[in-house]
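Enquirer: Got a file for you: final-v8.pdb, PDB, C-alpha atoms.
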```pdb
MODEL        1
ATOM      1  CA  VAL A  59      -6.162  -4.993 -17.185
ATOM      2  CA  ARG A  60      -9.899  -4.989 -17.685
ATOM      3  CA  ASP A  61     -12.320  -7.553 -18.993
ATOM      4  CA  VAL A  62     -14.167  -4.905 -20.979
ATOM      5  CA  TYR A  63     -12.893  -1.589 -22.303
ATOM      6  CA  THR A  64     -15.232   1.303 -23.041
ATOM      7  CA  GLU A  65     -14.978   4.637 -24.759
ATOM      8  CA  ALA A  66     -13.959   6.112 -21.383
ATOM      9  CA  ASP A  67     -10.776   4.010 -21.594
ATOM     10  CA  ASP A  68      -9.682   5.570 -24.890
ATOM     11  CA  PRO A  69      -6.155   6.962 -24.306
ATOM     12  CA  LYS A  70      -7.182  10.276 -25.849
ATOM     13  CA  ARG A  71      -9.692  10.676 -23.020
ATOM     14  CA  LEU A  72      -7.138   9.787 -20.367
ATOM     15  CA  ILE A  73      -4.496  12.364 -21.320
ATOM     16  CA  GLU A  74      -6.084  15.125 -19.243
ATOM     17  CA  LEU A  75      -6.231  12.875 -16.180
ATOM     18  CA  GLU A  76      -2.589  11.941 -16.588
ATOM     19  CA  GLN A  77      -1.671  15.612 -16.919
ATOM     20  CA  THR A  78      -3.605  16.413 -13.745
ATOM     21  CA  MET A  79      -1.749  13.626 -11.945
ATOM     22  CA  GLN A  80       1.562  15.130 -13.076
ATOM     23  CA  ARG A  81       0.516  18.641 -11.994
ATOM     24  CA  ALA A  82      -0.520  17.250  -8.597
ATOM     25  CA  MET A  83       2.870  15.631  -8.158
ATOM     26  CA  ASP A  84       4.587  18.867  -9.168
ATOM     27  CA  ALA A  85       2.425  20.862  -6.736
ATOM     28  CA  TYR A  86       3.361  18.534  -3.896
ATOM     29  CA  ARG A  87       7.062  18.772  -4.720
ATOM     30  CA  GLN A  88       6.757  22.564  -4.778
ATOM     31  CA  GLY A  89       5.352  22.599  -1.254
ATOM     32  CA  ARG A  90       1.704  23.008  -2.175
ATOM     33  CA  PRO A  91       0.110  19.901  -0.659
ATOM     34  CA  GLY A  92      -3.373  21.448  -0.597
ATOM     35  CA  ASP A  93      -3.265  21.927  -4.364
ATOM     36  CA  ALA A  94      -2.024  18.361  -4.798
ATOM     37  CA  VAL A  95      -4.877  17.038  -2.653
ATOM     38  CA  ALA A  96      -7.451  18.944  -4.708
ATOM     39  CA  MET A  97      -6.030  17.662  -7.991
ATOM     40  CA  TYR A  98      -5.849  14.033  -6.851
ATOM     41  CA  GLN A  99      -9.408  14.296  -5.559
ATOM     42  CA  SER A 100     -10.539  15.679  -8.912
ATOM     43  CA  VAL A 101      -8.994  12.707 -10.711
ATOM     44  CA  ILE A 102     -10.729  10.299  -8.345
ATOM     45  CA  ALA A 103     -14.051  12.108  -8.788
ATOM     46  CA  ARG A 104     -13.794  11.802 -12.558
ATOM     47  CA  ARG A 105     -12.335   8.318 -12.620
ATOM     48  CA  PRO A 106     -12.871   6.376  -9.346
ATOM     49  CA  ASP A 107     -10.801   3.431 -10.603
ATOM     50  CA  THR A 108      -7.512   5.372 -10.817
ATOM     51  CA  GLU A 109      -5.393   3.396  -8.367
ATOM     52  CA  ASP A 110      -2.348   5.650  -8.342
ATOM     53  CA  ALA A 111      -4.474   8.730  -7.561
ATOM     54  CA  TYR A 112      -5.660   7.075  -4.344
ATOM     55  CA  ARG A 113      -2.160   5.951  -3.361
ATOM     56  CA  LYS A 114      -0.609   9.349  -4.059
ATOM     57  CA  LEU A 115      -3.407  11.207  -2.282
ATOM     58  CA  ALA A 116      -3.021   8.904   0.716
ATOM     59  CA  LEU A 117       0.727   9.549   0.730
ATOM     60  CA  VAL A 118       0.185  13.325   0.790
ATOM     61  CA  TYR A 119      -2.137  12.895   3.757
ATOM     62  CA  TRP A 120       0.236  10.470   5.495
ATOM     63  CA  ARG A 121       3.229  12.778   5.154
ATOM     64  CA  ALA A 122       1.122  15.651   6.503
ATOM     65  CA  GLY A 123       0.405  13.600   9.630
ATOM     66  CA  GLN A 124      -3.204  12.958   8.631
ATOM     67  CA  ALA A 125      -3.186   9.199   9.137
ATOM     68  CA  ARG A 126      -6.974   8.988   9.388
ATOM     69  CA  ASP A 127      -7.410  10.664   5.980
ATOM     70  CA  ALA A 128      -4.712   8.485   4.418
ATOM     71  CA  ILE A 129      -6.403   5.331   5.677
ATOM     72  CA  ALA A 130      -9.856   6.544   4.619
ATOM     73  CA  THR A 131      -8.544   7.301   1.130
ATOM     74  CA  LEU A 132      -7.218   3.779   0.645
ATOM     75  CA  GLU A 133     -10.370   2.265   2.128
ATOM     76  CA  ALA A 134     -12.375   4.292  -0.406
ATOM     77  CA  ALA A 135     -10.206   2.844  -3.186
ATOM     78  CA  LEU A 136     -11.124  -0.675  -2.084
ATOM     79  CA  LYS A 137     -14.787   0.270  -1.716
ATOM     80  CA  ASN A 138     -14.719   1.657  -5.258
ATOM     81  CA  GLY A 139     -13.382  -1.643  -6.594
ATOM     82  CA  VAL A 140      -9.734  -0.760  -7.178
ATOM     83  CA  PRO A 141      -8.177  -4.227  -7.468
ATOM     84  CA  GLN A 142      -4.413  -3.614  -7.276
ATOM     85  CA  SER A 143      -2.714  -5.279  -4.312
ATOM     86  CA  GLU A 144      -0.516  -2.199  -3.805
ATOM     87  CA  VAL A 145      -3.540  -0.426  -2.297
ATOM     88  CA  LYS A 146      -4.080  -3.205   0.235
ATOM     89  CA  ILE A 147      -0.381  -3.410   1.048
ATOM     90  CA  LYS A 148      -0.137   0.336   1.651
ATOM     91  CA  LEU A 149      -3.388   0.378   3.643
ATOM     92  CA  GLY A 150      -2.051  -2.425   5.830
ATOM     93  CA  GLN A 151       1.192  -0.516   6.360
ATOM     94  CA  TYR A 152      -0.653   2.641   7.376
ATOM     95  CA  LEU A 153      -2.947   0.711   9.707
ATOM     96  CA  THR A 154       0.034  -0.968  11.360
ATOM     97  CA  GLU A 155       1.948   2.282  11.758
ATOM     98  CA  ALA A 156      -1.177   4.037  13.066
ATOM     99  CA  GLY A 157      -1.406   1.484  15.873
ATOM    100  CA  GLN A 158      -4.079  -0.730  14.329
ATOM    101  CA  PRO A 159      -2.152  -3.937  13.573
ATOM    102  CA  GLY A 160      -5.242  -6.102  14.150
ATOM    103  CA  ARG A 161      -7.067  -4.429  11.269
ATOM    104  CA  ALA A 162      -3.919  -4.681   9.145
ATOM    105  CA  ILE A 163      -3.622  -8.393   9.856
ATOM    106  CA  ALA A 164      -7.268  -9.062   8.963
ATOM    107  CA  LEU A 165      -6.833  -7.175   5.698
ATOM    108  CA  ARG A 166      -3.529  -8.778   4.745
ATOM    109  CA  GLU A 167      -4.474 -12.328   5.633
ATOM    110  CA  SER A 168      -7.250 -12.078   3.082
ATOM    111  CA  PHE A 169      -4.887 -11.551   0.151
ATOM    112  CA  ALA A 170      -1.224 -12.158   1.049
ATOM    113  CA  GLY A 171      -0.979 -15.588  -0.574
ATOM    114  CA  ASP A 172       2.531 -15.848  -1.997
ATOM    115  CA  ASP A 173       3.069 -12.143  -2.767
ATOM    116  CA  PRO A 174       6.466 -11.285  -1.215
ATOM    117  CA  ASP A 175       5.578  -7.661  -0.461
ATOM    118  CA  ALA A 176       2.276  -8.656   1.113
ATOM    119  CA  LEU A 177       3.973 -11.359   3.193
ATOM    120  CA  VAL A 178       6.585  -8.923   4.531
ATOM    121  CA  ALA A 179       3.814  -6.496   5.409
ATOM    122  CA  LEU A 180       1.743  -9.221   7.075
ATOM    123  CA  GLY A 181       4.728 -10.432   9.070
ATOM    124  CA  ASN A 182       5.454  -6.889  10.219
ATOM    125  CA  ALA A 183       1.831  -6.461  11.300
ATOM    126  CA  PHE A 184       2.120  -9.644  13.357
ATOM    127  CA  VAL A 185       5.293  -8.251  14.972
ATOM    128  CA  ALA A 186       3.510  -4.975  15.792
ATOM    129  CA  ALA A 187       0.649  -6.960  17.342
ATOM    130  CA  GLY A 188       3.085  -8.964  19.480
ATOM    131  CA  ARG A 189       2.323 -12.195  17.624
ATOM    132  CA  ARG A 190       5.908 -13.349  17.097
ATOM    133  CA  SER A 191       5.103 -16.980  16.273
ATOM    134  CA  ASP A 192       2.725 -15.877  13.512
ATOM    135  CA  ALA A 193       5.342 -13.441  12.245
ATOM    136  CA  LEU A 194       7.965 -16.198  12.108
ATOM    137  CA  ARG A 195       5.544 -18.509  10.307
ATOM    138  CA  THR A 196       4.824 -15.769   7.757
ATOM    139  CA  PHE A 197       8.472 -14.885   7.149
ATOM    140  CA  ARG A 198       9.368 -18.573   6.825
ATOM    141  CA  HIS A 199       6.589 -19.000   4.287
ATOM    142  CA  LEU A 200       8.143 -16.114   2.385
ATOM    143  CA  LEU A 201      11.420 -18.060   2.327
ATOM    144  CA  ASP A 202       9.538 -21.042   0.903
ATOM    145  CA  VAL A 203       8.261 -18.747  -1.853
ATOM    146  CA  ASP A 204      11.554 -16.880  -2.344
ATOM    147  CA  PRO A 205      14.541 -18.569  -0.658
ATOM    148  CA  ARG A 206      16.830 -15.623  -1.469
ATOM    149  CA  ASN A 207      14.606 -12.976   0.089
ATOM    150  CA  GLY A 208      16.888 -10.914   2.309
ATOM    151  CA  LEU A 209      14.023  -9.154   4.102
ATOM    152  CA  ALA A 210      12.630 -12.489   5.217
ATOM    153  CA  HIS A 211      15.979 -13.471   6.753
ATOM    154  CA  GLU A 212      16.402 -10.059   8.355
ATOM    155  CA  ASN A 213      12.894 -10.044   9.794
ATOM    156  CA  ILE A 214      13.259 -13.573  11.156
ATOM    157  CA  ALA A 215      16.453 -12.475  12.905
ATOM    158  CA  VAL A 216      14.705  -9.431  14.393
ATOM    159  CA  VAL A 217      11.829 -11.549  15.727
ATOM    160  CA  LEU A 218      14.273 -14.046  17.209
ATOM    161  CA  LEU A 219      16.262 -11.224  18.803
ATOM    162  CA  GLN A 220      13.094  -9.856  20.361
ATOM    163  CA  GLY A 221      12.528 -13.302  21.853
ATOM    164  CA  LYS A 222      16.156 -13.355  23.079
ATOM    165  CA  ASP A 223      17.031 -16.302  20.822
ATOM    166  CA  TYR A 224      20.459 -14.900  20.031
ATOM    167  CA  ALA A 225      21.824 -18.098  18.516
ATOM    168  CA  GLY A 226      18.827 -18.452  16.228
ATOM    169  CA  ALA A 227      19.054 -14.808  15.184
ATOM    170  CA  GLU A 228      22.709 -15.198  14.350
TER
ENDMDL
END
```
Render the structure in this file as structure tokens.

Expert:
Amino acid sequence: VRDVYTEADDPKRLIELEQTMQRAMDAYRQGRPGDAVAMYQSVIARRPDTEDAYRKLALVYWRAGQARDAIATLEAALKNGVPQSEVKIKLGQYLTEAGQPGRAIALRESFAGDDPDALVALGNAFVAAGRRSDALRTFRHLLDVDPRNGLAHENIAVVLLQGKDYAGAE
């Protein structure tokens, strides 16, 4: 959703970009990741606010073992003003899995609020950083937001198990 729409937002002008996105996905599925990368990059070059192009490009890089490129792609999305929280959540996940939980925590703390996905990701970053009490606080906040959230219960149990609180985990 935008505050102001321009001629560039006319659906007729966006068809080609959508088709390129589809061809990129097809190329990746057909085992041509280099072609997919080039197509996603072309979409971003033409339309730097295309959130799913950044996420899909980052995923291609991530699956190819190019964590640095995946992270840089999502950081570029944020730098270019892409507002969707999915970009921040995925960036935080990649940072955590790439051994940079401190950066992931700093990023996630700035936007997690009451978003269940962001809270799970933040809690997991705290776990990866060895900050179990912060992880428990985060997962318990998630239960305040969504009392039926199974991931919150599961993650609390895992943190308690790591701390050898078997009764609490049970």

Enquirer: Need to verify the contact set: A:Asp175, 10 Å, only C-alpha atoms, exclusion of same-chain residues closer than 3 positions in sequence. Can you return it as a list in words?

Expert: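 So the residues in contact are Ser143, Glu144, Ile147, Ala170, Asp172, Val178, Ala179, Leu180, Gly181, Leu200 and Leu209 of chain A.
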
Enquirer: What separation in Å, quoted to one decimal, exists between atom CA of A:Val118 and atom CA of A:Gly150?

Expert: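 So the answer is 16.7 Å.
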
Enquirer: For a quick check of understanding, using only C-alpha atoms, which of A:Asp84, A:Glu155, A:Glu74, A:Asp67 has the smallest distance to A:Ala187?

Expert: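 For A:Ala187, the nearest of the given residues is A:Glu155.
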
Enquirer: Extract, using only C-alpha atoms, all DNA, RNA and protein residues at most 10 Å from A:Leu117, discarding same-chain residues fewer than 5 positions from it, and format them as a CSV table (one decimal) with C-alpha atoms, in the frame of the given file.

Expert:
```csv
chain,number,residue,atom,x,y,z
A,95,VAL,CA,-4.9,17.0,-2.7
A,111,ALA,CA,-4.5,8.7,-7.6
A,112,TYR,CA,-5.7,7.1,-4.3
A,122,ALA,CA,1.1,15.7,6.5
A,123,GLY,CA,0.4,13.6,9.6
A,124,GLN,CA,-3.2,13.0,8.6
A,125,ALA,CA,-3.2,9.2,9.1
A,127,ASP,CA,-7.4,10.7,6.0
A,128,ALA,CA,-4.7,8.5,4.4
A,129,ILE,CA,-6.4,5.3,5.7
A,131,THR,CA,-8.5,7.3,1.1
A,132,LEU,CA,-7.2,3.8,0.6
A,148,LYS,CA,-0.1,0.3,1.7
A,152,TYR,CA,-0.7,2.6,7.4
```

Enquirer: Quick one: residues within 10 Å of A:Pro106, all atoms listed in the file, excluding same-chain residues fewer than 3 positions away - as a list in words?

Expert: Gln99, Ser100, Val101, Ile102, Ala103, Glu109, Ala111, Tyr112, Ala134, Ala135, Lys137, Asn138, Gly139 and Val140 of chain A

Enquirer: Show which residues sit within 10 Å of A:Ala225, as an MDAnalysis selection string. Count all atoms listed in the file, and ignore same-chain residues fewer than 4 positions away.

Expert: chainID A and resid 215 218:219

Enquirer: I want to know what sits within 10 Å of A:Met83, based on all atoms listed in the file, with residues of the same chain fewer than 6 positions away left out; could you give that as an MDAnalysis selection string?

Expert: chainID A and resid 77 90:91 93:95 97:98 114:115 118

Enquirer: Nearest to A:Phe169 among A:Val185, A:Lys146, A:Arg190, A:Gln151, with distances taken over only C-alpha atoms: which residue is it?

Expert: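 With only C-alpha atoms as the atom set, the closest residue is A:Lys146.
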
Enquirer: Just to confirm, what's the straight-line distance from atom CA of A:Leu75 to atom CA of A:Arg87 in Å (one decimal)?

Expert: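 Taking atom CA of A:Leu75 as the start and atom CA of A:Arg87 as the end point, the length is 18.5 Å.
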
Enquirer: With distances taken over all atoms listed in the file, which of A:Tyr86, A:Gly171, A:Ala227, A:Lys222 is nearest to A:Val203?

Expert: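 For A:Val203, the nearest of the candidates is A:Gly171.
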
Enquirer: Tell me, in Å to one decimal, how far atom CA of A:Ala130 is from atom CA of A:Phe197.

Expert: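 Distance between the two atoms: 28.3 Å.
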
Enquirer: Pick from A:Leu177, A:Ala96, A:Ala156, A:Ala85: nearest to A:Trp120, with only C-alpha atoms counted?

Expert: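 Between A:Leu177, A:Ala96, A:Ala156, A:Ala85, the residue approaching A:Trp120 most closely is A:Ala156.
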
Enquirer: Which is closest to A:His199 among A:Leu149, A:Ile214, A:Ala66, A:Ala162, if we use all atoms listed in the file?

Expert: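 Result for the nearest residue to A:His199: A:Ile214.
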